[in-house]
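Asks: Would you mind keeping the following structure in view while I ask a few things?
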Amino acid sequence: MIKTGEKHIRSLRDGRQVHLDGAVVGDVTTHPAYRNLVRSVGALYDFQARPDNRELMTFAPPDAGERANRIWQLPASHEDLVARRQALEAWTEPHAGFLGRAPDHVASCIAGMYMGLEVFEDHDPARAAALAEYYRHARDNELYLTYVIINPQADRSKPAHEQADAFLSAGVVDEDGEGLTIRGAKMLATGGIVANEVFVTCIQPLQEGDEKYAVSFAIPMNAPGLKILSRKSYEAHAPSVFDNPLANRFDENDALLYFDDVKVPWERVFINQDIAMCQAQFHATPAHVYQNYQAQVRLMVKMRFLLGLARRITDTNGVTGFPQVRETLGTLAAQCAMVDALVHAMEVKGGMRGDYYIPDRHTLYAAQVLTQQLYPQIVTSLRALAGGGLIMLPSSVADFADPEMRALIGKTQQSPACDSESRVKLFRLAWDAIGSEFASRHTQYEMFYAGADFVTKGHSFRCFDWDRCTGLVDRMLDSYSLEEELARLREAPGSGPEADRQERKAP
Ligand SMILES: Cc1cc2nc3c(=O)[nH]c(=O)nc-3n(C[C@H](O)[C@H](O)[C@H](O)COP(=O)(O)OP(=O)(O)OC[C@H]3O[C@@H](n4cnc5c(N)ncnc54)[C@H](O)[C@@H]3O)c2cc1C
């Protein structure tokens, strides 16, 4: 059975310990801080379960009786990758890319690890078997996974083991026949409050002495001892969908996780205290490429949405015909096309790795570097196009309930393209996308979800085909030499610098 929204929502009533505003949240599916998000995620599962979406959204795994969501598909060809991407694209459209960690993100990571299973097998067959079993378990039970792969900020100039508290970062505090016991914190479980399980590891480079933090495992979000420290809920502060159409429904939340001596059974441990393997799980397998390729597919959809907003804003203000406005729109269109082209280039330039087809690694890193810089620019361009219209708005939807105010809104909110209600509706949406607290968090997200820019630039530096470029320079340099040039001068004494000098000396 393909998972439905109702089934997913039911699975979240599991006693998880979410801490918000000084209290423990009982049921996240009904709490005003999360309930609309829960419904939005439920709607994604209903979308995949629709019979007319069967081919688009699901595939038949060779080793399972039931079809599964394509987010778990292991592409064996370019065609497979494109079919998988079409599912990701379709699944992103309902939230226009505002759910950064919808279920397709971490599924892409785990699928990528599975595609590189031999890396785990070479390291430790028991841990490899645990990972393989987990991939199948998560796929067949359609688990929504989040991940925490970064140690909390404290003193970034020191390694994890030299922080003031040795268990600030989550690490192994005990190990026995049943498994590991984990103590400490990890940042940031985006979507964690509405996910089923969390994948926990460390993608940051660790140093000698950091071994206890070099683990990789998965546990349910209701695991005993797991404390989910929610950030402020924007949804709770956005009770009207008309006033905050995005924060009201797509505030995916980001939570700090604290592991208060959480027990992890061996069958869910993929790496135990091995620093090199923590890097290898992402970079020697296709995991890092697949998780971030998904992120670029999502961004491609979000860019289209933001372009749509830009165009609606200029039409609403009657400024689309101005040459300067067309230039801005033209630039935005080019930037949107660049993101689209990079996704397609990753696919076309991809290649086989064993049995699987992998998007092109460097094109992915190029996209990450460029889009981290691009996103705040796009937001600034939209702000510039919109002007004070983003602020010249009724205080809230309640103003429409007062007949006198409604009449005044009708008088003051005017447009050559639409009525006053539609104008307010559009600008409210635009503000939530580019100006509100929800929007501001999105800019932070797009700038940091894949690491700070020195990290993504480092990947781009390391993976680029420098030899091809320096080869061109070398070929050019090899096409002439100093000795040949001097010989040429010697053969033609009447020309060249010496002759020049003689000529200049002559009276
Ligand atoms: C909205 C949001 C959602 C997130 N969701 C998730 C999630 O779901 N799962 C997850 O695991 N993580 C998540 N993260 C965390 C994210 O992965 C980290 O923010 C990211 O890796 C950057 O790490 P950091 O925030 O600790 O920044 P830092 O690494 O501390 O960097 C901050 C700045 O400090 C400077 N700096 C720090 N170290 C260096 C250095 N070595 N060299 C040079 N300059 C340096 C740079 O100026 C850098 O920009 C999320 C983050 C955000 C903002």
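Identifiers for the structure tokens are assigned positionally: chains receive A, B, ... in sequence, residues are indexed from 1 per chain, and ligands are indexed from 1 in the order shown.
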Considering only C-alpha atoms and all ligand atoms, give me a table of residues in chain A that are at most 6 Å from ligand 1, with the closest atom pair and distance in Å for each, as a Markdown table.
Replies:
| residue | atom | partner | partner_atom_place_in_ligand_line | distance |
| --- | --- | --- | --- | --- |
| A:Tyr147 | CA | ligand 1 | 9 (N) | 5.0 |
| A:Val148 | CA | ligand 1 | 11 (O) | 3.5 |
| A:Ile149 | CA | ligand 1 | 11 (O) | 3.7 |
| A:Ile150 | CA | ligand 1 | 11 (O) | 4.8 |
| A:Gln153 | CA | ligand 1 | 26 (O) | 5.1 |
| A:Arg156 | CA | ligand 1 | 38 (N) | 5.8 |
| A:Met187 | CA | ligand 1 | 12 (N) | 5.4 |
| A:Leu188 | CA | ligand 1 | 13 (C) | 4.3 |
| A:Ala189 | CA | ligand 1 | 8 (O) | 4.3 |
| A:Thr190 | CA | ligand 1 | 8 (O) | 3.8 |
| A:Asp254 | CA | ligand 1 | 3 (C) | 5.9 |
| A:Arg441 | CA | ligand 1 | 1 (C) | 5.8 |
| A:Gln444 | CA | ligand 1 | 53 (C) | 5.0 |
| A:Tyr445 | CA | ligand 1 | 1 (C) | 3.7 |
| A:Phe448 | CA | ligand 1 | 20 (C) | 4.9 |
| A:Tyr449 | CA | ligand 1 | 16 (C) | 4.6 |
| A:Ala450 | CA | ligand 1 | 17 (O) | 5.5 |
| A:Gly451 | CA | ligand 1 | 21 (O) | 3.4 |
| A:Ala452 | CA | ligand 1 | 22 (C) | 4.6 |
Asks: Restricting it to all heavy atoms, dump the selection as a short mmCIF file (atom, residue, chain, number, x, y, z; two decimals), in the first residue's frame.
Replies:
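Okay, this is what ended up in again_3.cif:
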data_model
loop_
_atom_site.label_atom_id
_atom_site.label_comp_id
_atom_site.auth_asym_id
_atom_site.auth_seq_id
_atom_site.Cartn_x
_atom_site.Cartn_y
_atom_site.Cartn_z
N TYR A 147 17.68 14.71 8.78
CA TYR A 147 19.01 14.38 9.30
C TYR A 147 19.63 15.53 10.07
O TYR A 147 19.28 16.69 9.90
CB TYR A 147 19.96 13.82 8.25
CG TYR A 147 20.37 14.64 7.05
CD1 TYR A 147 20.34 16.02 7.02
CD2 TYR A 147 20.89 13.99 5.92
CE1 TYR A 147 20.77 16.73 5.90
CE2 TYR A 147 21.31 14.69 4.79
CZ TYR A 147 21.26 16.05 4.80
OH TYR A 147 21.67 16.75 3.71
N VAL A 148 20.53 15.14 10.99
CA VAL A 148 21.37 16.10 11.70
C VAL A 148 22.81 15.64 11.49
O VAL A 148 23.21 14.58 11.96
CB VAL A 148 21.03 16.22 13.20
CG1 VAL A 148 19.78 17.05 13.41
CG2 VAL A 148 20.87 14.87 13.87
N ILE A 149 23.57 16.48 10.77
CA ILE A 149 24.92 16.05 10.37
C ILE A 149 25.98 17.09 10.72
O ILE A 149 27.11 17.00 10.28
CB ILE A 149 24.95 15.69 8.86
CG1 ILE A 149 24.51 16.87 7.98
CG2 ILE A 149 24.05 14.49 8.59
CD1 ILE A 149 24.59 16.56 6.47
N ILE A 150 25.56 18.06 11.56
CA ILE A 150 26.46 19.17 11.93
C ILE A 150 26.52 19.26 13.45
O ILE A 150 25.48 19.18 14.12
CB ILE A 150 25.95 20.50 11.34
CG1 ILE A 150 25.85 20.44 9.81
CG2 ILE A 150 26.81 21.69 11.78
CD1 ILE A 150 27.16 20.39 9.07
N GLN A 153 27.18 24.94 16.93
CA GLN A 153 28.19 26.00 17.00
C GLN A 153 28.54 26.24 18.47
O GLN A 153 27.66 26.27 19.33
CB GLN A 153 27.63 27.31 16.42
CG GLN A 153 27.62 27.34 14.92
CD GLN A 153 27.18 28.70 14.39
OE1 GLN A 153 26.53 29.47 15.10
NE2 GLN A 153 27.51 28.97 13.14
N ARG A 156 34.13 27.40 16.98
CA ARG A 156 34.46 26.75 15.71
C ARG A 156 35.97 26.68 15.45
O ARG A 156 36.40 26.04 14.49
CB ARG A 156 33.76 27.48 14.55
CG ARG A 156 32.28 27.14 14.40
CD ARG A 156 32.09 25.80 13.69
NE ARG A 156 30.71 25.51 13.37
CZ ARG A 156 30.00 24.55 13.97
NH1 ARG A 156 30.52 23.81 14.93
NH2 ARG A 156 28.75 24.33 13.57
N MET A 187 22.88 19.89 15.29
CA MET A 187 22.02 20.83 14.60
C MET A 187 21.85 20.35 13.17
O MET A 187 22.75 19.67 12.68
CB MET A 187 22.60 22.25 14.66
CG MET A 187 23.91 22.42 13.90
SD MET A 187 24.74 24.00 14.21
CE MET A 187 23.96 25.05 13.01
N LEU A 188 20.82 20.65 12.49
CA LEU A 188 19.53 21.21 12.87
C LEU A 188 18.50 20.36 12.19
O LEU A 188 18.60 20.23 10.97
CB LEU A 188 19.40 22.63 12.28
CG LEU A 188 19.77 23.85 13.10
CD1 LEU A 188 19.77 25.12 12.30
CD2 LEU A 188 18.87 24.00 14.29
N ALA A 189 17.60 19.75 12.90
CA ALA A 189 16.69 18.79 12.26
C ALA A 189 15.53 19.53 11.57
O ALA A 189 14.44 19.64 12.12
CB ALA A 189 16.14 17.81 13.28
N THR A 190 15.81 19.99 10.36
CA THR A 190 14.74 20.63 9.59
C THR A 190 13.70 19.57 9.24
O THR A 190 14.04 18.49 8.76
CB THR A 190 15.32 21.27 8.31
OG1 THR A 190 16.24 22.27 8.72
CG2 THR A 190 14.23 21.89 7.46
N ASP A 254 12.97 23.95 12.32
CA ASP A 254 14.35 23.46 12.40
C ASP A 254 14.61 23.26 13.89
O ASP A 254 14.42 24.19 14.68
CB ASP A 254 15.34 24.50 11.88
CG ASP A 254 14.90 25.11 10.56
OD1 ASP A 254 15.08 24.48 9.52
OD2 ASP A 254 14.34 26.23 10.59
N ARG A 441 14.17 33.42 7.12
CA ARG A 441 14.72 32.10 7.45
C ARG A 441 15.05 31.33 6.15
O ARG A 441 16.03 30.60 6.08
CB ARG A 441 13.72 31.33 8.32
CG ARG A 441 14.13 29.91 8.68
CD ARG A 441 13.51 28.95 7.72
NE ARG A 441 13.93 27.57 7.94
CZ ARG A 441 13.81 26.62 7.02
NH1 ARG A 441 13.30 26.89 5.85
NH2 ARG A 441 14.21 25.40 7.27
N GLN A 444 18.36 32.40 4.86
CA GLN A 444 19.40 31.75 5.66
C GLN A 444 19.53 30.28 5.24
O GLN A 444 20.63 29.75 5.14
CB GLN A 444 19.04 31.86 7.15
CG GLN A 444 20.21 31.70 8.08
CD GLN A 444 21.19 32.87 8.01
OE1 GLN A 444 20.94 33.85 7.31
NE2 GLN A 444 22.30 32.76 8.69
N TYR A 445 18.39 29.66 5.00
CA TYR A 445 18.39 28.25 4.61
C TYR A 445 19.16 28.06 3.29
O TYR A 445 20.05 27.22 3.20
CB TYR A 445 16.95 27.74 4.45
CG TYR A 445 16.89 26.28 4.07
CD1 TYR A 445 17.02 25.30 5.04
CD2 TYR A 445 16.76 25.89 2.74
CE1 TYR A 445 17.01 23.97 4.70
CE2 TYR A 445 16.76 24.57 2.39
CZ TYR A 445 16.88 23.59 3.37
OH TYR A 445 16.88 22.26 3.01
N PHE A 448 22.83 28.35 3.67
CA PHE A 448 23.58 27.48 4.59
C PHE A 448 23.21 26.00 4.59
O PHE A 448 23.93 25.20 5.18
CB PHE A 448 23.47 28.00 6.03
CG PHE A 448 24.43 29.13 6.31
CD1 PHE A 448 24.01 30.45 6.23
CD2 PHE A 448 25.75 28.86 6.61
CE1 PHE A 448 24.91 31.48 6.45
CE2 PHE A 448 26.66 29.89 6.84
CZ PHE A 448 26.23 31.21 6.76
N TYR A 449 22.11 25.61 3.93
CA TYR A 449 21.67 24.23 4.15
C TYR A 449 22.74 23.21 3.72
O TYR A 449 22.80 22.10 4.23
CB TYR A 449 20.33 23.93 3.44
CG TYR A 449 20.46 23.78 1.94
CD1 TYR A 449 20.86 22.58 1.37
CD2 TYR A 449 20.20 24.85 1.11
CE1 TYR A 449 21.01 22.46 0.01
CE2 TYR A 449 20.33 24.73 -0.25
CZ TYR A 449 20.74 23.54 -0.81
OH TYR A 449 20.89 23.43 -2.15
N ALA A 450 23.57 23.60 2.77
CA ALA A 450 24.58 22.63 2.30
C ALA A 450 25.96 22.96 2.85
O ALA A 450 26.97 22.50 2.34
CB ALA A 450 24.61 22.63 0.78
N GLY A 451 25.99 23.77 3.92
CA GLY A 451 27.28 24.18 4.48
C GLY A 451 27.55 25.64 4.13
O GLY A 451 26.95 26.19 3.19
N ALA A 452 28.44 26.26 4.90
CA ALA A 452 28.82 27.65 4.62
C ALA A 452 29.52 27.69 3.25
O ALA A 452 29.94 26.67 2.74
CB ALA A 452 29.74 28.16 5.73
#
Asks: Quick one: residues within 8 Å of stretch 415-423 of chain A, only C-alpha atoms, excluding same-chain residues fewer than 3 positions away - as a ChimeraX atom specification?
Replies: /A:315-318,409-412,426-427
Asks: Excluding stretch 20-26 of chain A and residues on its chain fewer than 5 positions from it, collect all residues at most 9 Å away from it, counting only C-alpha atoms, and give them as a list in words.
Replies: Arg13, Gly15, His31, Ala33, Ile228, Leu229, Ser230, Arg231, Lys232 and Ser233 of chain A
Asks: Tell me, as an NGL selection string, which residues lie within 10 Å of A:Ala64, counting only C-alpha atoms; anything in the same chain fewer than 5 positions away does not count.
Replies: :A and (136 or 139-140)
Asks: Excluding same-chain residues fewer than 4 positions from stretch 265-275 of chain A, what lies within 9 Å of it counting only C-alpha atoms, as a count of residues only?
Replies: 37
Asks: Extract, using only C-alpha atoms, all DNA, RNA and protein residues at most 8 Å from A:Ala386, discarding same-chain residues fewer than 6 positions from it, and format them as an NGL selection string.
Replies: :A and (310 or 313-314)
Asks: Suppose we keep all heavy atoms; can you now write the selection as a PDB file, in the first residue's frame?
Replies:
ATOM      1  N   ALA A 310       7.433  37.695  -9.368  1.00  0.00           N
ATOM      2  CA  ALA A 310       7.999  38.939  -9.926  1.00  0.00           C
ATOM      3  C   ALA A 310       7.105  39.461 -11.047  1.00  0.00           C
ATOM      4  O   ALA A 310       6.765  40.655 -11.110  1.00  0.00           O
ATOM      5  CB  ALA A 310       9.413  38.677 -10.441  1.00  0.00           C
ATOM      6  N   ILE A 313       3.772  40.787  -9.801  1.00  0.00           N
ATOM      7  CA  ILE A 313       3.942  42.079  -9.119  1.00  0.00           C
ATOM      8  C   ILE A 313       4.032  43.209 -10.143  1.00  0.00           C
ATOM      9  O   ILE A 313       3.363  44.240 -10.008  1.00  0.00           O
ATOM     10  CB  ILE A 313       5.216  42.052  -8.226  1.00  0.00           C
ATOM     11  CG1 ILE A 313       4.975  41.171  -7.003  1.00  0.00           C
ATOM     12  CG2 ILE A 313       5.635  43.463  -7.806  1.00  0.00           C
ATOM     13  CD1 ILE A 313       6.227  40.844  -6.214  1.00  0.00           C
ATOM     14  N   THR A 314       4.841  43.019 -11.174  1.00  0.00           N
ATOM     15  CA  THR A 314       5.015  44.134 -12.139  1.00  0.00           C
ATOM     16  C   THR A 314       3.741  44.348 -12.951  1.00  0.00           C
ATOM     17  O   THR A 314       3.384  45.486 -13.258  1.00  0.00           O
ATOM     18  CB  THR A 314       6.220  43.896 -13.071  1.00  0.00           C
ATOM     19  OG1 THR A 314       6.016  42.697 -13.825  1.00  0.00           O
ATOM     20  CG2 THR A 314       7.513  43.811 -12.281  1.00  0.00           C
TER      21      THR A 314
END
Asks: I'd like the interatomic distance between atom CA of A:Ala60 and atom CA of A:Ala96, to a tenth of an Å.
Replies: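 Going from atom CA of A:Ala60 over to atom CA of A:Ala96, I get 27.2 Å.
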